[in-house]
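coords_7.txt (compact mmCIF, C-alpha atoms)
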```txt
# COMPACT_ATOMS: atom_id res chain seq x y z
CA MET A 1 -8.53 -10.60 29.24
CA LYS A 2 -10.73 -12.34 26.68
CA LYS A 3 -9.50 -15.18 24.50
CA ARG A 4 -9.48 -14.64 20.75
CA TYR A 5 -8.41 -16.99 17.99
CA LEU A 6 -6.59 -16.77 14.67
CA ILE A 7 -7.69 -19.70 12.50
CA LEU A 8 -5.71 -20.39 9.32
CA GLU A 9 -7.31 -21.90 6.23
CA ASP A 10 -5.60 -25.25 6.90
CA GLY A 11 -7.25 -25.43 10.32
CA THR A 12 -4.23 -24.37 12.38
CA ILE A 13 -5.37 -22.38 15.42
CA PHE A 14 -3.42 -19.73 17.32
CA GLN A 15 -4.90 -18.62 20.64
CA GLY A 16 -4.30 -15.05 21.76
CA TRP A 17 -6.07 -12.23 23.53
CA ALA A 18 -8.64 -9.79 22.27
CA PHE A 19 -8.25 -6.08 21.73
CA GLY A 20 -9.93 -3.72 19.33
CA ALA A 21 -13.45 -4.36 18.05
CA ASP A 22 -15.52 -7.45 18.86
CA GLU A 23 -15.88 -8.62 15.28
CA THR A 24 -15.39 -11.85 13.32
CA VAL A 25 -13.51 -11.35 10.04
CA ILE A 26 -11.88 -13.36 7.25
CA GLY A 27 -9.03 -11.94 5.19
CA GLU A 28 -5.62 -12.55 3.66
CA LEU A 29 -2.99 -12.82 6.41
CA VAL A 30 0.06 -10.77 5.38
CA PHE A 31 3.07 -9.58 7.34
CA THR A 32 4.87 -6.24 7.35
CA THR A 33 8.44 -5.79 8.58
CA ASN A 34 8.07 -2.12 9.50
CA MET A 35 9.75 -1.36 12.83
CA VAL A 36 8.06 2.05 13.09
CA GLY A 37 5.12 3.75 11.42
CA TYR A 38 2.26 1.51 12.52
CA VAL A 39 -0.09 4.52 12.30
CA GLU A 40 0.67 4.85 8.58
CA THR A 41 0.38 1.08 8.16
CA LEU A 42 -3.04 0.98 9.83
CA THR A 43 -4.33 3.77 7.59
CA ASP A 44 -2.83 2.62 4.26
CA PRO A 45 -5.81 1.83 1.95
CA SER A 46 -3.69 -0.77 0.13
CA TYR A 47 -4.41 -3.23 2.97
CA TYR A 48 -8.05 -3.64 1.95
CA GLY A 49 -9.22 -7.22 2.55
CA GLN A 50 -6.17 -8.18 4.57
CA ILE A 51 -5.28 -9.04 8.15
CA ILE A 52 -2.00 -7.36 9.04
CA LEU A 53 0.61 -9.24 11.03
CA GLN A 54 3.30 -7.00 12.55
CA THR A 55 6.72 -8.67 12.78
CA PHE A 56 7.98 -6.00 15.19
CA PRO A 57 7.09 -7.31 18.66
CA LEU A 58 5.76 -4.16 20.39
CA ILE A 59 3.05 -1.98 18.86
CA GLY A 60 1.27 1.08 20.23
CA ASN A 61 3.93 2.63 22.46
CA TYR A 62 3.46 6.11 20.96
CA GLY A 63 -0.29 5.87 20.46
CA ILE A 64 -2.34 7.17 17.55
CA MET A 65 -2.10 10.64 16.01
CA GLU A 66 -4.60 11.45 13.26
CA GLU A 67 -2.30 13.99 11.61
CA ASP A 68 -0.21 11.02 10.41
CA PHE A 69 -3.09 9.12 8.79
CA GLU A 70 -2.45 8.08 5.17
CA GLY A 71 -6.10 7.42 4.36
CA THR A 72 -9.24 5.68 5.57
CA PRO A 73 -8.40 2.36 7.29
CA ARG A 74 -9.24 -0.57 5.00
CA LEU A 75 -7.58 -3.49 6.78
CA PHE A 76 -9.84 -6.27 8.08
CA GLY A 77 -7.86 -7.31 11.16
CA TYR A 78 -4.67 -6.71 13.16
CA VAL A 79 -2.30 -9.23 14.79
CA VAL A 80 0.61 -8.30 17.07
CA LYS A 81 2.89 -9.97 19.60
CA GLU A 82 2.33 -7.30 22.25
CA TRP A 83 0.42 -4.03 22.30
CA CYS A 84 0.98 -1.12 24.63
CA PRO A 85 -2.17 0.09 26.45
CA THR A 86 -0.36 3.10 27.98
CA PRO A 87 1.38 5.01 25.16
CA SER A 88 3.80 7.82 25.95
CA ASN A 89 4.15 10.58 23.37
CA PHE A 90 3.27 14.27 23.48
CA ARG A 91 1.38 13.93 20.16
CA CYS A 92 -0.68 10.92 21.23
CA GLN A 93 -4.46 11.36 20.89
CA TYR A 94 -5.62 7.86 21.82
CA THR A 95 -4.52 4.22 21.89
CA VAL A 96 -4.32 1.57 19.17
CA ASP A 97 -7.13 -0.27 20.97
CA ASP A 98 -9.35 2.82 20.71
CA PHE A 99 -8.44 3.20 17.03
CA LEU A 100 -9.40 -0.37 16.20
CA LYS A 101 -12.69 -0.11 18.09
CA LYS A 102 -13.51 3.18 16.36
CA HIS A 103 -13.06 1.61 12.93
CA HIS A 104 -14.66 -1.77 13.78
CA ILE A 105 -11.41 -3.71 13.30
CA PRO A 106 -10.72 -6.74 15.52
CA GLY A 107 -7.26 -7.14 17.02
CA LEU A 108 -5.41 -10.13 18.42
CA TRP A 109 -2.29 -10.06 20.59
CA GLY A 110 -0.16 -12.56 22.47
CA VAL A 111 0.38 -15.01 19.59
CA ASP A 112 3.72 -16.20 18.23
CA THR A 113 4.15 -13.72 15.37
CA ARG A 114 7.59 -15.14 14.54
CA GLU A 115 6.13 -18.59 13.87
CA LEU A 116 3.33 -17.06 11.78
CA THR A 117 5.80 -15.02 9.71
CA THR A 118 7.98 -18.09 9.12
CA ARG A 119 4.92 -20.06 8.00
CA ILE A 120 3.88 -17.35 5.50
CA ARG A 121 7.43 -17.08 4.14
CA GLU A 122 7.55 -20.83 3.59
CA TYR A 123 4.06 -21.53 2.28
CA GLY A 124 2.95 -18.12 1.00
CA VAL A 125 0.06 -15.82 1.89
CA VAL A 126 -2.76 -17.68 3.66
CA ASN A 127 -6.35 -16.82 4.43
CA ALA A 128 -7.27 -16.54 8.09
CA MET A 129 -10.15 -15.76 10.43
CA ILE A 130 -10.12 -13.72 13.63
CA SER A 131 -12.88 -14.93 15.94
CA ASP A 132 -13.79 -15.24 19.61
CA THR A 133 -15.01 -18.79 18.94
CA ILE A 134 -13.62 -21.70 16.94
CA PRO A 135 -15.92 -22.58 14.02
CA GLU A 136 -16.84 -26.17 13.27
CA ASP A 137 -16.41 -25.57 9.54
CA TRP A 138 -13.69 -23.31 8.13
CA SER A 139 -14.34 -23.86 4.42
CA ASP A 140 -15.34 -20.18 4.16
CA ILE A 141 -11.80 -19.24 5.17
CA ALA A 142 -10.18 -21.18 2.33
CA ALA A 143 -12.73 -19.86 -0.17
CA TYR A 144 -12.09 -16.18 0.62
CA THR A 145 -10.67 -13.90 -2.08
CA VAL A 146 -10.10 -10.13 -2.10
CA HIS A 147 -12.41 -8.55 -4.66
CA ASP A 148 -13.70 -5.06 -5.57
CA ALA A 149 -10.73 -3.69 -3.62
CA VAL A 150 -10.23 -0.51 -5.65
CA ALA A 151 -13.96 0.23 -5.83
CA ASN A 152 -14.05 0.13 -2.03
CA SER A 153 -10.94 2.31 -1.60
CA THR A 154 -11.16 5.09 -4.19
CA CYS A 155 -12.57 8.56 -3.51
CA ALA A 156 -16.28 9.14 -4.14
CA ALA A 157 -15.98 12.32 -6.22
CA PRO A 158 -13.32 14.62 -7.71
CA GLU A 159 -11.64 17.02 -5.30
CA THR A 160 -9.03 19.71 -5.89
CA TYR A 161 -6.12 20.51 -3.57
CA PRO A 162 -4.10 23.73 -3.95
CA ALA A 163 -0.35 23.89 -4.44
CA LEU A 164 1.70 24.80 -1.40
CA GLY A 165 3.28 28.07 -2.45
CA GLU A 166 3.42 29.18 -6.08
CA GLU A 167 1.36 27.03 -8.43
CA LYS A 168 3.50 25.67 -11.25
CA HIS A 169 1.61 22.65 -12.54
CA HIS A 170 -1.77 20.95 -12.51
CA VAL A 171 -1.76 17.20 -11.88
CA VAL A 172 -4.66 14.76 -12.04
CA LEU A 173 -4.24 12.08 -9.37
CA VAL A 174 -6.18 8.93 -10.26
CA ASP A 175 -7.12 7.58 -6.84
CA TYR A 176 -7.04 3.80 -6.60
CA GLY A 177 -6.64 4.04 -2.81
CA ALA A 178 -4.10 6.85 -2.63
CA LYS A 179 -1.87 7.57 0.34
CA GLN A 180 -2.04 11.17 1.49
CA ASN A 181 1.69 11.71 1.25
CA ILE A 182 1.57 11.27 -2.53
CA LEU A 183 -0.76 14.25 -2.58
CA ARG A 184 1.45 16.21 -0.17
CA SER A 185 4.59 15.39 -2.17
CA LEU A 186 3.01 16.93 -5.27
CA GLN A 187 1.58 19.95 -3.46
CA LYS A 188 4.90 20.97 -1.91
CA ARG A 189 6.47 20.89 -5.39
CA GLY A 190 4.05 23.50 -6.66
CA CYS A 191 1.34 21.23 -8.04
CA ARG A 192 -2.37 21.86 -7.83
CA VAL A 193 -3.84 18.37 -7.63
CA THR A 194 -7.24 17.17 -8.77
CA ALA A 195 -7.95 13.73 -7.29
CA VAL A 196 -10.47 11.73 -9.30
CA PRO A 197 -12.17 8.34 -8.70
CA ALA A 198 -10.65 5.23 -10.26
CA SER A 199 -13.64 4.90 -12.61
CA THR A 200 -13.08 8.32 -14.23
CA SER A 201 -12.95 8.12 -18.02
CA ALA A 202 -9.89 9.12 -20.03
CA GLU A 203 -11.97 11.80 -21.75
CA ASP A 204 -12.95 13.38 -18.43
CA ILE A 205 -9.33 13.31 -17.22
CA LEU A 206 -8.05 15.00 -20.38
CA ALA A 207 -10.89 17.55 -20.18
CA LEU A 208 -9.32 18.78 -16.92
CA ASN A 209 -6.29 19.78 -19.03
CA PRO A 210 -3.62 18.54 -16.62
CA ASP A 211 0.11 18.98 -17.15
CA GLY A 212 0.61 15.41 -15.92
CA ILE A 213 -1.21 12.37 -14.57
CA MET A 214 -0.32 10.55 -11.34
CA LEU A 215 -1.48 6.96 -10.86
CA SER A 216 -1.74 6.13 -7.16
CA ASN A 217 -1.19 3.05 -5.06
CA GLY A 218 -4.12 0.83 -4.15
CA PRO A 219 -5.20 -2.66 -3.06
CA GLY A 220 -6.06 -5.95 -4.69
CA ASP A 221 -5.30 -7.86 -7.88
CA PRO A 222 -4.37 -5.34 -10.60
CA ALA A 223 -5.83 -7.51 -13.38
CA GLU A 224 -9.28 -7.25 -11.76
CA ASN A 225 -9.48 -3.57 -12.76
CA VAL A 226 -10.61 -4.11 -16.35
CA GLY A 227 -12.40 -0.75 -16.67
CA PRO A 228 -9.60 1.46 -15.28
CA ILE A 229 -7.03 -0.41 -17.42
CA ALA A 230 -9.08 0.31 -20.55
CA GLU A 231 -9.21 4.02 -19.67
CA LEU A 232 -5.45 4.11 -19.01
CA ARG A 233 -4.85 2.62 -22.45
CA LYS A 234 -6.53 5.70 -23.94
CA LEU A 235 -4.23 8.00 -21.94
CA LEU A 236 -0.94 6.43 -23.08
CA GLY A 237 1.24 9.06 -24.73
CA LYS A 238 -1.25 11.88 -24.19
CA LYS A 239 0.28 13.38 -21.01
CA PRO A 240 3.32 12.69 -18.81
CA ILE A 241 2.43 9.85 -16.42
CA PHE A 242 3.97 8.76 -13.12
CA GLY A 243 2.64 5.58 -11.49
CA ILE A 244 3.26 4.24 -7.98
CA CYS A 245 2.58 0.70 -6.70
CA LEU A 246 -0.81 -0.35 -8.13
CA GLY A 247 -0.47 2.51 -10.62
CA HIS A 248 2.79 0.88 -11.78
CA GLN A 249 1.01 -2.43 -12.32
CA LEU A 250 -2.03 -0.96 -14.06
CA LEU A 251 0.07 1.03 -16.54
CA ALA A 252 2.01 -2.14 -17.42
CA LEU A 253 -1.27 -3.97 -18.03
CA ALA A 254 -2.59 -1.06 -20.11
CA ALA A 255 0.58 -1.23 -22.22
CA GLY A 256 0.00 -4.93 -22.89
CA GLY A 257 2.08 -6.52 -20.12
CA LYS A 258 1.36 -9.10 -17.43
CA THR A 259 1.38 -9.25 -13.64
CA VAL A 260 1.86 -12.20 -11.26
CA LYS A 261 0.98 -12.80 -7.62
CA LEU A 262 4.00 -13.04 -5.33
CA LYS A 263 4.41 -15.80 -2.77
CA TYR A 264 4.15 -13.46 0.19
CA GLY A 265 4.60 -9.97 -1.27
CA HIS A 266 6.79 -7.09 -0.19
CA ARG A 267 5.55 -5.17 2.84
CA GLY A 268 7.77 -2.99 5.00
CA GLY A 269 10.15 -0.05 5.00
CA ASN A 270 13.38 -1.91 4.28
CA GLN A 271 13.09 -3.38 0.77
CA PRO A 272 16.34 -2.97 -1.25
CA CYS A 273 15.94 -1.99 -4.91
CA ARG A 274 18.79 -1.86 -7.40
CA GLN A 275 18.76 0.67 -10.23
CA VAL A 276 19.38 -1.14 -13.50
CA GLY A 277 22.59 -0.10 -15.23
CA SER A 278 24.11 1.48 -12.13
CA ARG A 279 25.65 0.50 -8.82
CA HIS A 280 22.96 2.32 -6.85
CA THR A 281 20.75 0.40 -4.43
CA PHE A 282 17.94 2.22 -2.62
CA ILE A 283 16.13 1.16 0.54
CA THR A 284 12.42 1.54 -0.12
CA SER A 285 8.99 1.33 1.49
CA GLN A 286 6.63 -1.19 -0.12
CA ASN A 287 3.20 -2.74 0.29
CA HIS A 288 2.11 -5.04 -2.52
CA GLY A 289 1.34 -8.66 -3.31
CA TYR A 290 1.68 -8.59 -7.12
CA ALA A 291 4.54 -7.80 -9.50
CA VAL A 292 4.94 -6.74 -13.14
CA VAL A 293 6.58 -9.24 -15.49
CA ALA A 294 9.10 -6.83 -16.98
CA ASP A 295 9.84 -8.64 -20.25
CA SER A 296 6.12 -8.91 -21.03
CA VAL A 297 5.61 -5.15 -21.40
CA PRO A 298 5.84 -3.85 -24.99
CA GLY A 299 7.86 -0.63 -25.11
CA GLY A 300 8.74 -0.85 -21.42
CA VAL A 301 12.30 -0.70 -20.10
CA GLU A 302 12.99 -2.11 -16.64
CA GLN A 303 14.62 0.50 -14.39
CA PHE A 304 14.58 -1.01 -10.88
CA VAL A 305 14.72 -4.59 -9.59
CA ASN A 306 14.25 -5.98 -6.10
CA ALA A 307 17.68 -6.90 -4.73
CA ASN A 308 16.19 -9.81 -2.74
CA ASP A 309 14.18 -11.69 -5.35
CA GLY A 310 14.89 -9.93 -8.66
CA THR A 311 11.29 -8.91 -9.34
CA CYS A 312 10.48 -5.77 -11.28
CA GLU A 313 10.38 -2.57 -9.22
CA GLY A 314 10.18 0.09 -11.90
CA MET A 315 9.56 0.66 -15.62
CA ASP A 316 10.29 3.44 -18.11
CA TYR A 317 8.17 4.06 -21.22
CA PRO A 318 10.37 6.36 -23.34
CA ALA A 319 7.92 6.61 -26.23
CA LEU A 320 5.01 7.39 -23.92
CA ASN A 321 6.62 10.03 -21.68
CA ALA A 322 5.84 7.86 -18.65
CA PHE A 323 7.54 5.96 -15.85
CA THR A 324 6.37 3.90 -12.89
CA VAL A 325 7.76 2.36 -9.70
CA GLN A 326 6.54 -0.48 -7.51
CA PHE A 327 7.82 1.06 -4.27
CA HIS A 328 6.70 4.21 -2.45
CA PRO A 329 8.97 7.21 -3.08
CA GLU A 330 6.76 9.32 -0.79
CA ALA A 331 7.69 6.80 1.93
CA CYS A 332 5.38 7.38 4.87
CA SER A 333 6.40 5.45 6.74
CA GLY A 334 9.87 4.52 5.56
CA PRO A 335 13.04 5.90 3.97
CA LYS A 336 12.89 8.78 1.51
CA ASP A 337 15.83 7.69 -0.61
CA THR A 338 13.80 7.84 -3.83
CA GLY A 339 11.96 11.13 -3.31
CA PHE A 340 13.88 12.48 -6.32
CA LEU A 341 11.41 10.63 -8.56
CA PHE A 342 8.82 13.33 -7.93
CA GLN A 343 11.27 15.86 -9.38
CA ARG A 344 11.67 13.63 -12.42
CA PHE A 345 7.91 13.79 -12.89
CA ILE A 346 8.10 17.58 -12.66
CA ASN A 347 10.86 17.50 -15.28
CA LEU A 348 8.65 15.54 -17.67
CA MET A 349 5.82 18.05 -17.25
CA GLU A 350 8.29 20.84 -18.06
CA GLY A 351 9.46 19.11 -21.21
CA LYS A 352 12.85 18.16 -19.82
CA SER A 353 14.46 14.73 -20.04
CA TYR A 354 13.67 12.11 -17.43
CA ALA A 355 17.20 12.28 -16.02
CA ALA A 356 17.43 16.09 -15.83
CA GLU A 357 17.94 17.54 -12.38
```

I'd like the structure from this file rewritten - as structure tokens, please.
Amino acid sequence: MKKRYLILEDGTIFQGWAFGADETVIGELVFTTNMVGYVETLTDPSYYGQIILQTFPLIGNYGIMEEDFEGTPRLFGYVVKEWCPTPSNFRCQYTVDDFLKKHHIPGLWGVDTRELTTRIREYGVVNAMISDTIPEDWSDIAAYTVHDAVANSTCAAPETYPALGEEKHHVVLVDYGAKQNILRSLQKRGCRVTAVPASTSAEDILALNPDGIMLSNGPGDPAENVGPIAELRKLLGKKPIFGICLGHQLLALAAGGKTVKLKYGHRGGNQPCRQVGSRHTFITSQNHGYAVVADSVPGGVEQFVNANDGTCEGMDYPALNAFTVQFHPEACSGPKDTGFLFQRFINLMEGKSYAAE
């Protein structure tokens, strides 16, 4: 076993053991509370620029299966309490260690992940370095910021995916770092999907003549995306729009609202969200570090709030034929309690009311 270190921006050092790639990286250290679904976590593009800390103590026991990938891995590093070098599952193709080496991602195991999680919850997200040596100067760690996240996570060129079964609608998916299950959720509901890069102009999107526009999840600070926000502003009210995660934040900014950075974000498959005006609470899958300030959005009506901290989890735009949610209704991995929202998007494209079933 080879020693490897996790160095926090305040100089605190955690010694563990190396697995994965032999690389030195700096990133935002964030934790996820997912108990299952580490394959989907590792391949979620929304983790660009971040070092993932798993709160669940054992990772890798069922190996890696590429069929479950959500996208190209964008995380910078991986920290676990214990990893399993001998997975047991009939679908397993290779180990987590092999996966990390293949994608040049350093891993660290054997550290006190409970203490690290407690520290982040108390003080907020911190920058950290994974390294095989302890640097004399760690000012670079404190100075690190995630930037150009969407530009490094979006698709390179437009691509069209057929509907599964009878084609009923054509949807343009604006890819800010989209998870594959958003695409699959649309396809299985009879949608032909054209995925386009985040930089695509509003004019080019409308020229595709879609029935609706889907705004995907993605990484980074939403306010950094000045160009995409300007293009979204041109699309408001032109077509039915459904936004998820970063798409939710970008539409709020395009409508004139504000976003704020959360202390440690919401990451995991067990985030409770209450539907405003009802007694319904849904358990949701989330991965984000920013939130929409609901009362700052002109024409927006808050529809969901986080039951833990009261932050905005969903907005309706009645005059614009649009709605957005902060959580992941496609939920891979995680609960599928809110999968009905895709049907609501279908309803909008068919000229029905948002609430129609």

Quiz prompt | All residues 9 Å or closer to A:Thr311, only C-alpha atoms, same chain fewer than 6 positions away omitted, as a list in words | solution = Ala291, Val292, Val293, Ala294, Phe304 and Val305 of chain A

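With atom CA of A:Leu235 on one side and atom CA of A:Asp295 on the other, the separation reads 21.9 Å.
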
Compile the contact shell of stretch 182-187 of chain A as a compact mmCIF listing (two decimals) with C-alpha atoms, keeping the file's coordinate frame: residues with an atom at most 6 Å away, counting only C-alpha atoms, same-chain residues fewer than 2 positions apart removed.
```txt
# COMPACT_ATOMS: atom_id res chain seq x y z
CA ALA A 163 -0.35 23.89 -4.44
CA LEU A 164 1.70 24.80 -1.40
CA LYS A 179 -1.87 7.57 0.34
CA GLN A 180 -2.04 11.17 1.49
CA ARG A 189 6.47 20.89 -5.39
CA GLY A 190 4.05 23.50 -6.66
CA CYS A 191 1.34 21.23 -8.04
CA GLU A 330 6.76 9.32 -0.79
```

Practice problem: In Å, rounded to a single decimal, give me how far atom CA of A:His248 is from atom CA of A:Ser199. | Solution: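 Computing the Euclidean distance for atom CA of A:Ser199 and atom CA of A:His248 yields 16.9 Å.
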
Give me, as a tab-separated table, each residue of stretch 17-86 of chain A that comes within 12 Å of stretch 140-154 of chain A, together with its shortest interatomic pair and the distance in Å at one decimal, counting all atoms listed in the file, with rows ordered by chain and rising residue number.
```
residue	atom	partner	partner_atom	distance
A:Thr24	CA	A:Ile141	CA	11.6
A:Val25	CA	A:Ile141	CA	9.4
A:Ile26	CA	A:Ile141	CA	6.2
A:Gly27	CA	A:Tyr144	CA	6.9
A:Glu28	CA	A:Val146	CA	7.7
A:Leu29	CA	A:Ile141	CA	11.0
A:Thr43	CA	A:Ser153	CA	11.4
A:Asp44	CA	A:Ser153	CA	10.0
A:Pro45	CA	A:Ser153	CA	6.3
A:Ser46	CA	A:Ser153	CA	8.1
A:Tyr47	CA	A:Ala149	CA	9.1
A:Tyr48	CA	A:Ala149	CA	6.2
A:Gly49	CA	A:Val146	CA	5.6
A:Gln50	CA	A:Val146	CA	8.0
A:Ile51	CA	A:Val146	CA	11.4
A:Gly71	CA	A:Ser153	CA	9.2
A:Thr72	CA	A:Ser153	CA	8.1
A:Pro73	CA	A:Ser153	CA	9.2
A:Arg74	CA	A:Ser153	CA	7.4
A:Leu75	CA	A:Ser153	CA	10.7
A:Phe76	CA	A:Val146	CA	10.9
```

Selection near stretch 3-8 of chain A, 7 Å with all atoms listed in the file, sequence-local residues under 3 positions removed, as a compact mmCIF listing (two decimals) with C-alpha atoms, keeping the file's coordinate frame:
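result-v9.txt, freshly written:
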```
# COMPACT_ATOMS: atom_id res chain seq x y z
CA GLY A 11 -7.25 -25.43 10.32
CA THR A 12 -4.23 -24.37 12.38
CA ILE A 13 -5.37 -22.38 15.42
CA PHE A 14 -3.42 -19.73 17.32
CA GLN A 15 -4.90 -18.62 20.64
CA GLY A 16 -4.30 -15.05 21.76
CA TRP A 17 -6.07 -12.23 23.53
CA ALA A 18 -8.64 -9.79 22.27
CA LEU A 108 -5.41 -10.13 18.42
CA VAL A 126 -2.76 -17.68 3.66
CA ASN A 127 -6.35 -16.82 4.43
CA ALA A 128 -7.27 -16.54 8.09
CA MET A 129 -10.15 -15.76 10.43
CA ILE A 130 -10.12 -13.72 13.63
CA SER A 131 -12.88 -14.93 15.94
CA ASP A 132 -13.79 -15.24 19.61
CA THR A 133 -15.01 -18.79 18.94
```

Quiz item: Which residues come within 12 Å of A:Val171, counting all atoms listed in the file, excluding same-chain residues fewer than 5 positions away, as JSON, numbers by chain?
Solution: {"A": [159, 160, 161, 162, 163, 182, 183, 185, 186, 187, 189, 190, 191, 192, 193, 194, 195, 196, 205, 206, 208, 209, 210, 211, 212, 213, 214, 215, 239, 240, 241, 242, 342, 345, 346, 349]}

Quiz item: So how far away is atom CA of A:Ala331 from atom CA of A:Gly110, in Å?
Solution: 29.3 Å

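For the choices A:Glu166, A:Asp221, A:Glu115, A:Asp316, the atom-to-atom distance to A:Phe31 is smallest for A:Glu115 when using all atoms listed in the file.
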
Quiz prompt | Contacts of A:Arg114 at 9 Å (all atoms listed in the file; same-chain gap of 4+ positions) as number ranges by chain | solution = A: 55, 57, 81, 118-119

Write out the residues from the selection above, keeping C-alpha atoms, as a JSON list (two decimals), in the coordinates of the input.
```
[["chain", "number", "residue", "atom", "x", "y", "z"],
["A", 55, "THR", "CA", 6.72, -8.67, 12.78],
["A", 57, "PRO", "CA", 7.09, -7.31, 18.66],
["A", 81, "LYS", "CA", 2.89, -9.97, 19.60],
["A", 118, "THR", "CA", 7.98, -18.09, 9.12],
["A", 119, "ARG", "CA", 4.92, -20.06, 8.00]]
```

Closest contacts (stretch 139-253 of chain A/stretch 278-287 of chain A, max 12 Å, all atoms listed in the file) as a tab-separated table:
```
residue	atom	partner	partner_atom	distance
A:Lys179	CA	A:Asn287	CA	11.5
A:Asn217	CA	A:Asn287	CA	9.0
A:Gly218	CA	A:Asn287	CA	9.3
A:Pro219	CA	A:Asn287	CA	9.0
A:Gly220	CA	A:Asn287	CA	11.0
A:Ile244	CA	A:Gln286	CA	10.1
A:Cys245	CA	A:Asn287	CA	7.8
A:Leu246	CA	A:Asn287	CA	9.6
```

Self-check item: Nearest to A:Arg344 by atom-to-atom distance, counting all atoms listed in the file, from A:Ser88, A:Asn321, A:Asn61, A:Gln275
Solution: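 Using all atoms listed in the file, the shortest distance to A:Arg344 belongs to A:Asn321.
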
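Compared by their closest atoms to A:Tyr94, and using only C-alpha atoms, the residues A:Trp109, A:Tyr62, A:Trp138, A:Phe69 rank with A:Tyr62 nearest.
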
Practice problem: Kindly indicate which residue among A:Thr259, A:Gln326, A:Gln271, A:Ser333 lies nearest to A:His288, using only C-alpha atoms for the distances. | Solution: A:Gln326

Quiz prompt | Nearest to A:Lys238, chosen from A:Val39, A:Ala322, A:Ala198, A:Leu58, with only C-alpha atoms counted in the distances | solution = A:Ala322

Practice problem: Dig up all the protein and nucleic acid residues within 10 Å of (1.1, -6.0, -16.7) in the file frame, using all atoms listed in the file, and format them as a VMD selection string. | Solution: chain A and resid 222 to 223 229 248 to 260 290 to 298

Quiz item: Using only C-alpha atoms, which of A:Gly177, A:His104, A:Pro158, A:Gly289 sits nearest A:Asp22?
Solution: A:His104

Please output stretch 111-126 of chain A, rebuilt to include N, CA and C atoms, as a PDB file, keeping the file's coordinate frame.
```
ATOM      1  N   VAL A 111       0.082 -13.813  20.374  1.00  0.00           N
ATOM      2  CA  VAL A 111       0.380 -15.010  19.590  1.00  0.00           C
ATOM      3  C   VAL A 111       1.844 -14.962  19.137  1.00  0.00           C
ATOM      4  N   ASP A 112       2.334 -16.094  18.673  1.00  0.00           N
ATOM      5  CA  ASP A 112       3.720 -16.200  18.230  1.00  0.00           C
ATOM      6  C   ASP A 112       3.839 -15.648  16.807  1.00  0.00           C
ATOM      7  N   THR A 113       4.087 -14.358  16.688  1.00  0.00           N
ATOM      8  CA  THR A 113       4.150 -13.720  15.370  1.00  0.00           C
ATOM      9  C   THR A 113       5.362 -14.196  14.569  1.00  0.00           C
ATOM     10  N   ARG A 114       6.420 -14.614  15.252  1.00  0.00           N
ATOM     11  CA  ARG A 114       7.590 -15.140  14.540  1.00  0.00           C
ATOM     12  C   ARG A 114       7.242 -16.434  13.822  1.00  0.00           C
ATOM     13  N   GLU A 115       6.532 -17.330  14.503  1.00  0.00           N
ATOM     14  CA  GLU A 115       6.130 -18.590  13.870  1.00  0.00           C
ATOM     15  C   GLU A 115       5.190 -18.324  12.694  1.00  0.00           C
ATOM     16  N   LEU A 116       4.252 -17.392  12.864  1.00  0.00           N
ATOM     17  CA  LEU A 116       3.330 -17.060  11.780  1.00  0.00           C
ATOM     18  C   LEU A 116       4.064 -16.502  10.568  1.00  0.00           C
ATOM     19  N   THR A 117       5.032 -15.610  10.806  1.00  0.00           N
ATOM     20  CA  THR A 117       5.800 -15.020   9.710  1.00  0.00           C
ATOM     21  C   THR A 117       6.587 -16.099   8.974  1.00  0.00           C
ATOM     22  N   THR A 118       7.220 -17.001   9.735  1.00  0.00           N
ATOM     23  CA  THR A 118       7.980 -18.090   9.120  1.00  0.00           C
ATOM     24  C   THR A 118       7.082 -18.965   8.263  1.00  0.00           C
ATOM     25  N   ARG A 119       5.878 -19.227   8.752  1.00  0.00           N
ATOM     26  CA  ARG A 119       4.920 -20.060   8.000  1.00  0.00           C
ATOM     27  C   ARG A 119       4.542 -19.384   6.681  1.00  0.00           C
ATOM     28  N   ILE A 120       4.262 -18.067   6.720  1.00  0.00           N
ATOM     29  CA  ILE A 120       3.880 -17.350   5.500  1.00  0.00           C
ATOM     30  C   ILE A 120       5.047 -17.324   4.514  1.00  0.00           C
ATOM     31  N   ARG A 121       6.259 -17.107   5.017  1.00  0.00           N
ATOM     32  CA  ARG A 121       7.430 -17.080   4.140  1.00  0.00           C
ATOM     33  C   ARG A 121       7.661 -18.429   3.462  1.00  0.00           C
ATOM     34  N   GLU A 122       7.309 -19.503   4.153  1.00  0.00           N
ATOM     35  CA  GLU A 122       7.550 -20.830   3.590  1.00  0.00           C
ATOM     36  C   GLU A 122       6.441 -21.272   2.653  1.00  0.00           C
ATOM     37  N   TYR A 123       5.196 -21.018   3.036  1.00  0.00           N
ATOM     38  CA  TYR A 123       4.060 -21.530   2.280  1.00  0.00           C
ATOM     39  C   TYR A 123       3.344 -20.462   1.457  1.00  0.00           C
ATOM     40  N   GLY A 124       3.630 -19.193   1.718  1.00  0.00           N
ATOM     41  CA  GLY A 124       2.950 -18.120   1.000  1.00  0.00           C
ATOM     42  C   GLY A 124       1.797 -17.540   1.795  1.00  0.00           C
ATOM     43  N   VAL A 125       1.186 -16.491   1.245  1.00  0.00           N
ATOM     44  CA  VAL A 125       0.060 -15.820   1.890  1.00  0.00           C
ATOM     45  C   VAL A 125      -1.066 -16.831   2.135  1.00  0.00           C
ATOM     46  N   VAL A 126      -1.657 -16.791   3.327  1.00  0.00           N
ATOM     47  CA  VAL A 126      -2.760 -17.680   3.660  1.00  0.00           C
ATOM     48  C   VAL A 126      -3.972 -16.869   4.089  1.00  0.00           C
TER      49      VAL A 126
END
```
